[in-house]
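Take a look at the structure set out below.
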Amino acid sequence: MRSLIDIVDFSVEELDELLQTACDISEHPEKYANACRGKKLATLFFEPSTRTRLSFEAAMYELGGNVLGFSEASSSSASKGESVADTAKMISCYADIMAMRHPKEGAPYVAAKSASIPVINAGDGGHCHPTQTLADLLTIYRELGRLDNLTIGCCGDLKYGRTVHSLISAMSRYKNIKVVLIAPDELRLPKYVKYEVLEKNGMDYVETTSLEEAIPELDVLYMTRIQQERFDSFGEYERLKDSYVLTPEKMALGKPTMRVLHPLPRVNEISVKVDADPRAAYFRQALNAKHMRMALILKLLKEAEEGRQMNPVENALVNKLRCDNPRCITSTEQELEHIFRCVDSEREIYRCIYCESKKVLTLV
Ligand code: NCD
């Protein structure tokens, strides 16, 4: 069954098609009011969420469908020890499509492998968040009229901020994109995104710790929250939590056409005073998220009817390497095969298909 686990599961043509559908939905919502009549979306949220879950639910209601689900792990059978694979099989009996958020990296992928309905990754640990990226792409497109020839600054927690990982993967498909990575040394972009997305695709990028120095050249400033829940120590979070605060004074350094995006929720990284600046696009971005999720639900349900399948994993090694990332779903899911795929055959570099942790081949 075709699912959306990682933003690269969709081609650029498919992303364009989703953008066009989302624009049409926002202009002619009445055309879509019955598009999912009789269909059910299950929202399985094992981690807190406001926007993502509610925008999925609003999206399905506006398509004329229904919604069932839960919003915390404690109210599901996961608290009794049920595996992700079993939960996904069971939900397939009750719904036509599911959106899953989970603290373990790769959990939605495990769900997709055992479900018989499409699975949408609504955020897996610090790994990725493809539907937020769909909202980000629509926002950039609507605000600036293009998805190429852009300088995009990503600021804040680039280590654990899954929205940034997915956004950079998506932008690697478009022409002439420069990425400015603005983060404290402790929260720099993970190496797998840097080497396997930015460098592999020959993208222009720079790393800096200074927001003030970076702002003047940016077309898009993508602010992120320091992800408190992913830190091992609260002291480390306390030390880094005020790394960047966007204020009207800093906005004054930016181009008049610059746009500020933020997946939300914000804590203190954008002063409330910035909200009145017409370049602040984050609340419009939240509305775009609903239209994009409507387009996505329509696409995946249509493909399910046509019987489209997930792309197979190429160059896979099954149970030859063990993933030792404690945040990976392999650390908790019973009897899950550890699968690695080759990303560099010359240097024999493999990555876990669930969390993308790296291994250099040493057979066990
Ligand atoms: C983001 C997330 O969950 O990763 N929020 C969202 O989905 N809009 C960003 C965040 O929590 O900081």
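Letters for chains follow the order of the structure tokens (A, B, ...), residue numbers begin at 1 for each chain, and ligand numbers begin at 1 in the order shown.
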Enumerate as a list in words the residues within 8 Å of ligand 1, counting only C-alpha atoms and all ligand atoms.
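So the residues close to ligand 1 are Pro48, Ser49, Thr50, Arg51, Thr52, Ala122, Gly123, Gly126, Cys128, His129, Gln132, Gly161, Arg162, Thr163, Thr224, Arg225, Ile226, Gln227, His262, Pro263, Leu264, Pro265, Arg266 and Ala286 of chain A.
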Contacts of Phe340 (chain A) at 7 Å (only C-alpha atoms; same-chain gap of 5+ positions) as a ChimeraX atom specification:
/A:316-318,350-353
Just asking: which residues within region 42-182 of chain A are strand (DSSP E) according to DSSP, as number ranges by chain?
A: 42-45, 66-70, 97-102, 119-124, 150-155, 177-182
Just want the 9 Å neighbourhood of Tyr32 (chain A), counted on only C-alpha atoms, with same-chain residues fewer than 6 positions away dropped. Output as a PDB file with N, CA and C atoms, in the first residue's frame.
ATOM      1  N   ILE A  25      -8.249  23.396  -3.596  1.00  0.00           N
ATOM      2  CA  ILE A  25      -9.105  23.175  -2.422  1.00  0.00           C
ATOM      3  C   ILE A  25      -9.363  24.500  -1.700  1.00  0.00           C
ATOM      4  N   GLU A  62     -13.562  18.198   6.455  1.00  0.00           N
ATOM      5  CA  GLU A  62     -13.890  19.087   5.327  1.00  0.00           C
ATOM      6  C   GLU A  62     -13.995  18.326   4.009  1.00  0.00           C
ATOM      7  N   LEU A  63     -13.477  17.094   4.006  1.00  0.00           N
ATOM      8  CA  LEU A  63     -13.634  16.245   2.813  1.00  0.00           C
ATOM      9  C   LEU A  63     -14.893  15.379   2.943  1.00  0.00           C
ATOM     10  N   GLY A  64     -15.637  15.598   4.001  1.00  0.00           N
ATOM     11  CA  GLY A  64     -16.891  14.846   4.188  1.00  0.00           C
ATOM     12  C   GLY A  64     -16.696  13.497   4.851  1.00  0.00           C
TER      13      GLY A  64
END
Within 7 Å of region 1-11 of chain A: each region 287-342 of chain A residue with its shortest pair, only C-alpha atoms, as a tab-separated table:
residue	atom	partner	partner_atom	distance
A:Leu300	CA	A:Arg2	CA	6.8
A:Glu303	CA	A:Arg2	CA	6.9
A:Ala304	CA	A:Met1	CA	6.3
A:Gly307	CA	A:Met1	CA	6.8
A:Arg308	CA	A:Arg2	CA	5.6
A:Gln309	CA	A:Met1	CA	4.2
A:Met310	CA	A:Arg2	CA	4.5
Export of the given selection (C-alpha atoms) as a PDB file, in the first residue's frame:
ATOM      1  CA  LEU A 300      -3.409   8.301  -0.909  1.00  0.00           C
ATOM      2  CA  GLU A 303      -3.925   5.274  -4.897  1.00  0.00           C
ATOM      3  CA  ALA A 304      -5.165   2.714  -2.392  1.00  0.00           C
ATOM      4  CA  GLY A 307      -3.775  -0.785  -5.554  1.00  0.00           C
ATOM      5  CA  ARG A 308      -0.477   1.171  -5.652  1.00  0.00           C
ATOM      6  CA  GLN A 309       2.277  -0.266  -3.477  1.00  0.00           C
ATOM      7  CA  MET A 310       5.206   1.177  -1.465  1.00  0.00           C
TER       8      MET A 310
END
Pro248 (chain A) surroundings by only C-alpha atoms, 10 Å radius, close-in-sequence under 2 positions cut, as a list in words:
Leu246, Lys250, Met251, Ala252, Leu253, Ile270, Ser271, Val272, Lys273, Val274, Asp275, Ala276 and Asp277 of chain A
Could you dump the residues just selected with N, CA and C atoms as an mmCIF file, in the first residue's frame?
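Wrote it out as result04.cif, contents follow:
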data_model
loop_
_atom_site.group_PDB
_atom_site.id
_atom_site.type_symbol
_atom_site.label_atom_id
_atom_site.label_comp_id
_atom_site.auth_asym_id
_atom_site.auth_seq_id
_atom_site.Cartn_x
_atom_site.Cartn_y
_atom_site.Cartn_z
ATOM 1 N N LEU A 246 13.911 35.758 17.680
ATOM 2 C CA LEU A 246 13.682 36.673 16.562
ATOM 3 C C LEU A 246 12.851 37.849 17.067
ATOM 4 N N LYS A 250 15.780 42.383 14.727
ATOM 5 C CA LYS A 250 16.446 41.454 13.805
ATOM 6 C C LYS A 250 15.681 41.399 12.477
ATOM 7 N N MET A 251 14.360 41.478 12.534
ATOM 8 C CA MET A 251 13.565 41.477 11.302
ATOM 9 C C MET A 251 13.952 42.663 10.408
ATOM 10 N N ALA A 252 14.344 43.768 11.051
ATOM 11 C CA ALA A 252 14.706 44.973 10.285
ATOM 12 C C ALA A 252 15.929 44.720 9.393
ATOM 13 N N LEU A 253 16.712 43.685 9.721
ATOM 14 C CA LEU A 253 17.895 43.366 8.913
ATOM 15 C C LEU A 253 17.532 42.542 7.674
ATOM 16 N N ILE A 270 10.375 33.285 18.697
ATOM 17 C CA ILE A 270 9.903 34.433 17.907
ATOM 18 C C ILE A 270 9.110 35.325 18.863
ATOM 19 N N SER A 271 9.565 36.571 18.995
ATOM 20 C CA SER A 271 8.832 37.509 19.855
ATOM 21 C C SER A 271 7.431 37.708 19.282
ATOM 22 N N VAL A 272 6.449 37.828 20.166
ATOM 23 C CA VAL A 272 5.058 38.038 19.737
ATOM 24 C C VAL A 272 4.949 39.330 18.915
ATOM 25 N N LYS A 273 5.886 40.247 19.169
ATOM 26 C CA LYS A 273 5.859 41.527 18.430
ATOM 27 C C LYS A 273 6.088 41.328 16.936
ATOM 28 N N VAL A 274 6.717 40.200 16.561
ATOM 29 C CA VAL A 274 6.990 39.947 15.133
ATOM 30 C C VAL A 274 5.702 39.572 14.389
ATOM 31 N N ASP A 275 4.697 39.116 15.115
ATOM 32 C CA ASP A 275 3.469 38.612 14.465
ATOM 33 C C ASP A 275 2.810 39.661 13.558
ATOM 34 N N ALA A 276 2.944 40.928 13.929
ATOM 35 C CA ALA A 276 2.280 41.988 13.153
ATOM 36 C C ALA A 276 3.028 42.294 11.854
ATOM 37 N N ASP A 277 4.232 41.810 11.720
ATOM 38 C CA ASP A 277 5.022 42.051 10.500
ATOM 39 C C ASP A 277 4.416 41.217 9.365
#
Which one is closest to Asn149 (chain A): A:Leu181, A:Asp124, A:Asp219, A:Arg188? Count only C-alpha atoms.
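Between A:Leu181, A:Asp124, A:Asp219, A:Arg188, the residue approaching Asn149 (chain A) most closely is A:Asp219.
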For the atom pair CA of Ile152 (chain A) and CA of Tyr244 (chain A), what is the interatomic distance in Å to one decimal place?
16.5 Å
Interatomic distance between CA of Gly106 (chain A) and CA of Asp16 (chain A)?
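Interatomic distance, CA of Gly106 (chain A) to CA of Asp16 (chain A): 26.0 Å.
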Excluding region 115-118 of chain A and any residue of its chain fewer than 2 positions from it, enumerate the residues within 12 Å of it, using only C-alpha atoms, and give them as number ranges by chain.
A: 1-5, 39-42, 84-100, 108-113, 120-121, 296-305, 307-310
List the spatial neighbours of Met292 (chain A) as an mmCIF file with C-alpha atoms, in the first residue's frame - criterion: any atom at most 9 Å away, only C-alpha atoms, same-chain residues fewer than 2 positions off excluded.
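Once written, part07.cif looks like this:
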data_model
loop_
_atom_site.group_PDB
_atom_site.id
_atom_site.type_symbol
_atom_site.label_atom_id
_atom_site.label_comp_id
_atom_site.auth_asym_id
_atom_site.auth_seq_id
_atom_site.Cartn_x
_atom_site.Cartn_y
_atom_site.Cartn_z
ATOM 1 C CA LEU A 18 -0.345 18.078 -4.399
ATOM 2 C CA LEU A 19 0.404 21.821 -4.360
ATOM 3 C CA THR A 21 -4.745 20.327 -5.545
ATOM 4 C CA ALA A 22 -4.219 22.202 -2.239
ATOM 5 C CA CYS A 23 -4.514 25.565 -4.036
ATOM 6 C CA ILE A 25 -9.105 23.175 -2.422
ATOM 7 C CA ALA A 59 -8.969 18.062 6.754
ATOM 8 C CA THR A 131 3.405 16.428 6.136
ATOM 9 C CA LEU A 134 4.091 19.694 2.529
ATOM 10 C CA ALA A 135 2.652 22.648 4.461
ATOM 11 C CA LEU A 138 2.770 25.285 -0.048
ATOM 12 C CA LEU A 287 -3.917 27.101 7.421
ATOM 13 C CA ASN A 288 -1.939 25.818 4.437
ATOM 14 C CA ALA A 289 -1.234 22.657 6.466
ATOM 15 C CA LYS A 290 -4.936 21.780 6.450
ATOM 16 C CA MET A 294 -6.669 17.362 2.434
ATOM 17 C CA ALA A 295 -4.797 16.990 -0.853
ATOM 18 C CA LEU A 296 -2.651 14.227 0.640
ATOM 19 C CA ILE A 297 -5.592 12.220 2.010
#
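You can rank A:Ile329, A:Val67, A:Ala107, A:Val267 by their closest distance to Gly156 (chain A) using only C-alpha atoms, and at the top of that list sits A:Val267.
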When you count only C-alpha atoms, which of these residues is closest to Met171 (chain A): A:Thr151, A:Ser76, A:Ser243, A:Gln228?
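Closest residue, counting only C-alpha atoms: A:Thr151.
Minimum atom-to-atom distance to Val313 (chain A), evaluated using only C-alpha atoms, belongs to A:Ile339 out of A:Ile339, A:Cys154, A:Met258, A:Cys328.
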Among the residues of region 52-196 of chain A, find those DSSP assigns to helix (DSSP H, G or I) from the backbone and print them as number ranges by chain.
A: 52-62, 73-75, 77-80, 84-91, 107-114, 130-144, 162-171, 185-187, 191-196
Just to confirm, what's the straight-line distance from CA of Gly145 (chain A) to CA of His165 (chain A) in Å (one decimal)?
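These atoms are spaced 22.8 Å apart.
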